[in-house]
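K.L.:
Following this line is query12.cif, made up of mmCIF, C-alpha atoms and all ligand atoms:
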data_target
loop_
_atom_site.group_PDB
_atom_site.id
_atom_site.type_symbol
_atom_site.label_atom_id
_atom_site.label_comp_id
_atom_site.auth_asym_id
_atom_site.auth_seq_id
_atom_site.Cartn_x
_atom_site.Cartn_y
_atom_site.Cartn_z
ATOM 1 C CA MET E 1 0.000 0.000 0.000
ATOM 2 C CA ALA E 2 1.448 3.383 -1.001
ATOM 3 C CA VAL E 3 2.021 6.182 1.447
ATOM 4 C CA THR E 4 -0.742 8.730 1.221
ATOM 5 C CA GLY E 5 -1.118 12.151 2.678
ATOM 6 C CA TRP E 6 -3.150 15.283 2.822
ATOM 7 C CA ILE E 7 -2.603 18.884 3.714
ATOM 8 C CA GLU E 8 -4.371 21.681 5.505
ATOM 9 C CA VAL E 9 -3.916 25.309 4.520
ATOM 10 C CA ASP E 10 -4.316 27.967 7.193
ATOM 11 C CA ASP E 11 -6.342 30.774 5.634
ATOM 12 C CA LEU E 12 -4.955 33.242 8.140
ATOM 13 C CA TYR E 13 -1.440 32.822 6.743
ATOM 14 C CA CYS E 14 -1.895 31.870 3.075
ATOM 15 C CA LYS E 15 -1.380 34.807 0.721
ATOM 16 C CA GLY E 16 -2.171 32.975 -2.516
ATOM 17 C CA CYS E 17 1.340 33.249 -3.947
ATOM 18 C CA GLY E 18 1.070 29.870 -5.709
ATOM 19 C CA LEU E 19 4.580 28.663 -4.837
ATOM 20 C CA CYS E 20 3.173 25.447 -3.383
ATOM 21 C CA VAL E 21 1.067 24.901 -6.514
ATOM 22 C CA ASP E 22 4.173 25.062 -8.706
ATOM 23 C CA ALA E 23 6.249 22.911 -6.368
ATOM 24 C CA CYS E 24 3.878 19.982 -5.836
ATOM 25 C CA PRO E 25 5.273 16.969 -7.725
ATOM 26 C CA GLN E 26 1.828 15.318 -7.743
ATOM 27 C CA ASP E 27 0.160 18.426 -9.199
ATOM 28 C CA VAL E 28 -2.672 18.249 -6.695
ATOM 29 C CA LEU E 29 -2.665 21.884 -5.546
ATOM 30 C CA ARG E 30 -4.554 24.820 -7.017
ATOM 31 C CA LEU E 31 -5.538 28.280 -5.876
ATOM 32 C CA ASP E 32 -9.214 28.306 -4.956
ATOM 33 C CA MET E 33 -10.634 31.059 -7.150
ATOM 34 C CA GLU E 34 -14.087 30.649 -5.553
ATOM 35 C CA ARG E 35 -12.939 31.653 -2.111
ATOM 36 C CA LEU E 36 -11.099 34.507 -0.396
ATOM 37 C CA THR E 37 -9.158 34.409 2.857
ATOM 38 C CA PRO E 38 -9.860 37.012 5.563
ATOM 39 C CA LYS E 39 -6.970 38.992 4.065
ATOM 40 C CA GLY E 40 -8.470 38.857 0.558
ATOM 41 C CA TYR E 41 -6.319 36.204 -1.127
ATOM 42 C CA HIS E 42 -7.321 33.093 -3.054
ATOM 43 C CA PRO E 43 -5.986 30.288 -0.862
ATOM 44 C CA ALA E 44 -4.265 27.099 -1.936
ATOM 45 C CA GLN E 45 -6.326 23.933 -1.814
ATOM 46 C CA MET E 46 -5.860 20.241 -2.538
ATOM 47 C CA THR E 47 -7.825 19.134 -5.572
ATOM 48 C CA GLU E 48 -7.050 15.436 -5.818
ATOM 49 C CA GLU E 49 -6.494 12.524 -3.507
ATOM 50 C CA THR E 50 -3.039 11.575 -4.779
ATOM 51 C CA CYS E 51 -1.005 13.597 -2.277
ATOM 52 C CA THR E 52 1.923 11.517 -1.018
ATOM 53 C CA GLY E 53 2.600 13.639 2.053
ATOM 54 C CA CYS E 54 6.070 14.487 0.730
ATOM 55 C CA GLY E 55 6.046 17.854 2.487
ATOM 56 C CA ILE E 56 7.554 19.888 -0.362
ATOM 57 C CA CYS E 57 4.643 22.338 -0.374
ATOM 58 C CA ALA E 58 5.132 23.058 3.318
ATOM 59 C CA VAL E 59 8.865 23.599 2.833
ATOM 60 C CA VAL E 60 8.452 26.111 0.005
ATOM 61 C CA CYS E 61 5.576 28.040 1.605
ATOM 62 C CA PRO E 62 7.086 31.340 2.760
ATOM 63 C CA ASP E 63 4.314 31.840 5.296
ATOM 64 C CA ALA E 64 4.275 28.391 6.918
ATOM 65 C CA ALA E 65 0.592 28.107 6.038
ATOM 66 C CA ILE E 66 0.620 24.392 5.209
ATOM 67 C CA THR E 67 0.458 21.441 7.564
ATOM 68 C CA VAL E 68 1.159 18.051 6.012
ATOM 69 C CA TYR E 69 -0.269 14.784 7.311
ATOM 70 C CA ARG E 70 0.891 11.331 6.297
ATOM 71 C CA LYS E 71 -0.808 8.001 6.517
ATOM 72 C CA THR E 72 1.755 5.228 6.504
ATOM 73 C CA PRO E 73 0.853 1.611 5.817
ATOM 74 C CA GLN E 74 0.508 -0.650 8.841
ATOM 75 C CA ARG E 75 3.584 -2.759 9.418
ATOM 76 C CA GLN E 76 3.116 -6.414 8.651
ATOM 77 C CA SER E 77 3.102 -8.620 11.695
ATOM 78 C CA ARG E 78 6.091 -10.931 12.079
ATOM 79 C CA LYS E 79 3.900 -13.891 11.290
ATOM 80 C CA ALA E 80 2.538 -12.307 8.143
ATOM 81 C CA ALA E 81 6.026 -11.248 7.070
ATOM 82 C CA GLY E 82 7.081 -14.898 6.786
ATOM 83 C CA ARG E 83 9.953 -16.932 8.212
ATOM 84 C CA ARG E 84 13.624 -16.440 7.567
ATOM 85 C CA THR E 85 15.135 -19.826 6.795
HETATM 86 S S1 LIG O 101 2.645 17.046 0.512
HETATM 87 FE FE1 LIG O 101 3.700 16.777 -1.481
HETATM 88 S S2 LIG O 101 2.195 15.699 -2.790
HETATM 89 FE FE2 LIG O 101 1.066 16.518 -1.016
HETATM 90 S S3 LIG O 101 0.254 18.503 -1.709
HETATM 91 FE FE3 LIG O 101 2.245 18.887 -0.682
HETATM 92 S S4 LIG O 101 3.806 18.864 -2.333
HETATM 93 FE FE4 LIG O 101 1.909 17.920 -3.129
HETATM 94 S S1 LIG O 102 2.966 28.762 -0.805
HETATM 95 FE FE1 LIG O 102 1.869 29.163 1.150
HETATM 96 S S2 LIG O 102 1.199 31.280 0.971
HETATM 97 FE FE2 LIG O 102 1.710 30.613 -1.107
HETATM 98 S S3 LIG O 102 -0.253 29.832 -1.967
HETATM 99 FE FE3 LIG O 102 0.817 28.079 -1.042
HETATM 100 S S4 LIG O 102 -0.030 27.945 1.054
HETATM 101 FE FE4 LIG O 102 -0.510 29.982 0.277
#
I need this file expressed as structure tokens, please.
Ligand code: SF4
Ligand code: SF4
P.N.:
Amino acid sequence: MAVTGWIEVDDLYCKGCGLCVDACPQDVLRLDMERLTPKGYHPAQMTEETCTGCGICAVVCPDAAITVYRKTPQRQSRKAAGRRT
């Protein structure tokens, strides 16, 4: 099972610069043109479910507006992993 992730954008900090949109290797970020933040910017949003949780968007965001979450696959139990012989 592949590692999956998702992000949250804090509207109070996002200024709609689009750096995260350009940096995302999965191309799952867009600026939300239907919505404005309290400061009047179009905020970044995730548009597809193929985020890997790589964290690049959070690193490039100059305003630390992005929090990245990762869901890692459960480790196989020793039994399920098989015997070493
Ligand atoms: S964590 Fe990685 S894949 Fe997910 S939105 Fe950010 S840059 Fe894209
Ligand atoms: S890089 Fe940060 S400030 Fe710029 S659009 Fe993305 S979340 Fe908003």
K.L.:
Written as a PyMOL selection string, what is the full residue list that the PyMOL selection byres (((not hetatm)) within 9 of (chain O and resi 102)) yields on the file shown?
P.N.:
chain E and resi 8-11+13-23+29-31+41-45+57-66
K.L.:
So which one's closest to Trp6 (chain E), E:Pro38, E:Gly53, E:Pro73, E:Pro25? Using all atoms listed in the file, please.
P.N.:
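Using all atoms listed in the file, the shortest distance to Trp6 (chain E) belongs to E:Gly53.
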K.L.:
Any idea what the distance is between CA of Thr72 (chain E) and CA of Cys51 (chain E)?
P.N.:
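Taking CA of Thr72 (chain E) and CA of Cys51 (chain E), their separation equals 12.4 Å.
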K.L.:
Which residues are close to Glu48 (chain E), i.e. within 12 Å by only C-alpha atoms, leaving aside same-chain residues fewer than 4 positions away? Reply as a list in words.
P.N.:
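The residues that qualify are Thr4, Gly5, Trp6, Ile7, Cys24, Gln26, Asp27, Val28, Leu29, Arg30 and Thr52 of chain E.
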K.L.:
Please indicate the distance in Å from atom S2 of ligand LIG 101 (chain O) to CA of Thr50 (chain E), rounded to one decimal place.
P.N.:
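Between atom S2 of ligand LIG 101 (chain O) and CA of Thr50 (chain E) the gap works out to 7.0 Å.
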K.L.:
Distance CA of Leu12 (chain E)-CA of Asp32 (chain E), one decimal place?
P.N.:
14.6 Å
K.L.:
Could you check the closest approach to ligand LIG 101 (chain O) for each of E:Cys54, E:Gln74, E:Thr47, E:Lys39 and tell me which residue wins, using all atoms listed in the file?
P.N.:
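Comparing E:Cys54, E:Gln74, E:Thr47, E:Lys39 against ligand LIG 101 (chain O), the winner is E:Cys54.
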K.L.:
Return the single residue from E:Leu36, E:Val3, E:Lys71, E:Met46 that is closest to ligand LIG 101 (chain O), with distances computed using only C-alpha atoms and all ligand atoms.
P.N.:
E:Met46
K.L.:
For a quick check of understanding, using only C-alpha atoms and all ligand atoms, which of E:Ile56, E:Ala2, E:Met33, E:Glu49 has the smallest distance to ligand LIG 101 (chain O)?
P.N.:
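Among E:Ile56, E:Ala2, E:Met33, E:Glu49, it is E:Ile56 that comes nearest to ligand LIG 101 (chain O).
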K.L.:
Give me the box for region 27-37 of chain E as JSON, namely the centre and edge lengths in Å to one decimal of a box along x, y and z that holds every listed atom plus 3 Å on each side.
P.N.:
{"center_x": -7.0, "center_y": 26.4, "center_z": -3.2, "size_x": 20.2, "size_y": 22.3, "size_z": 18.1}
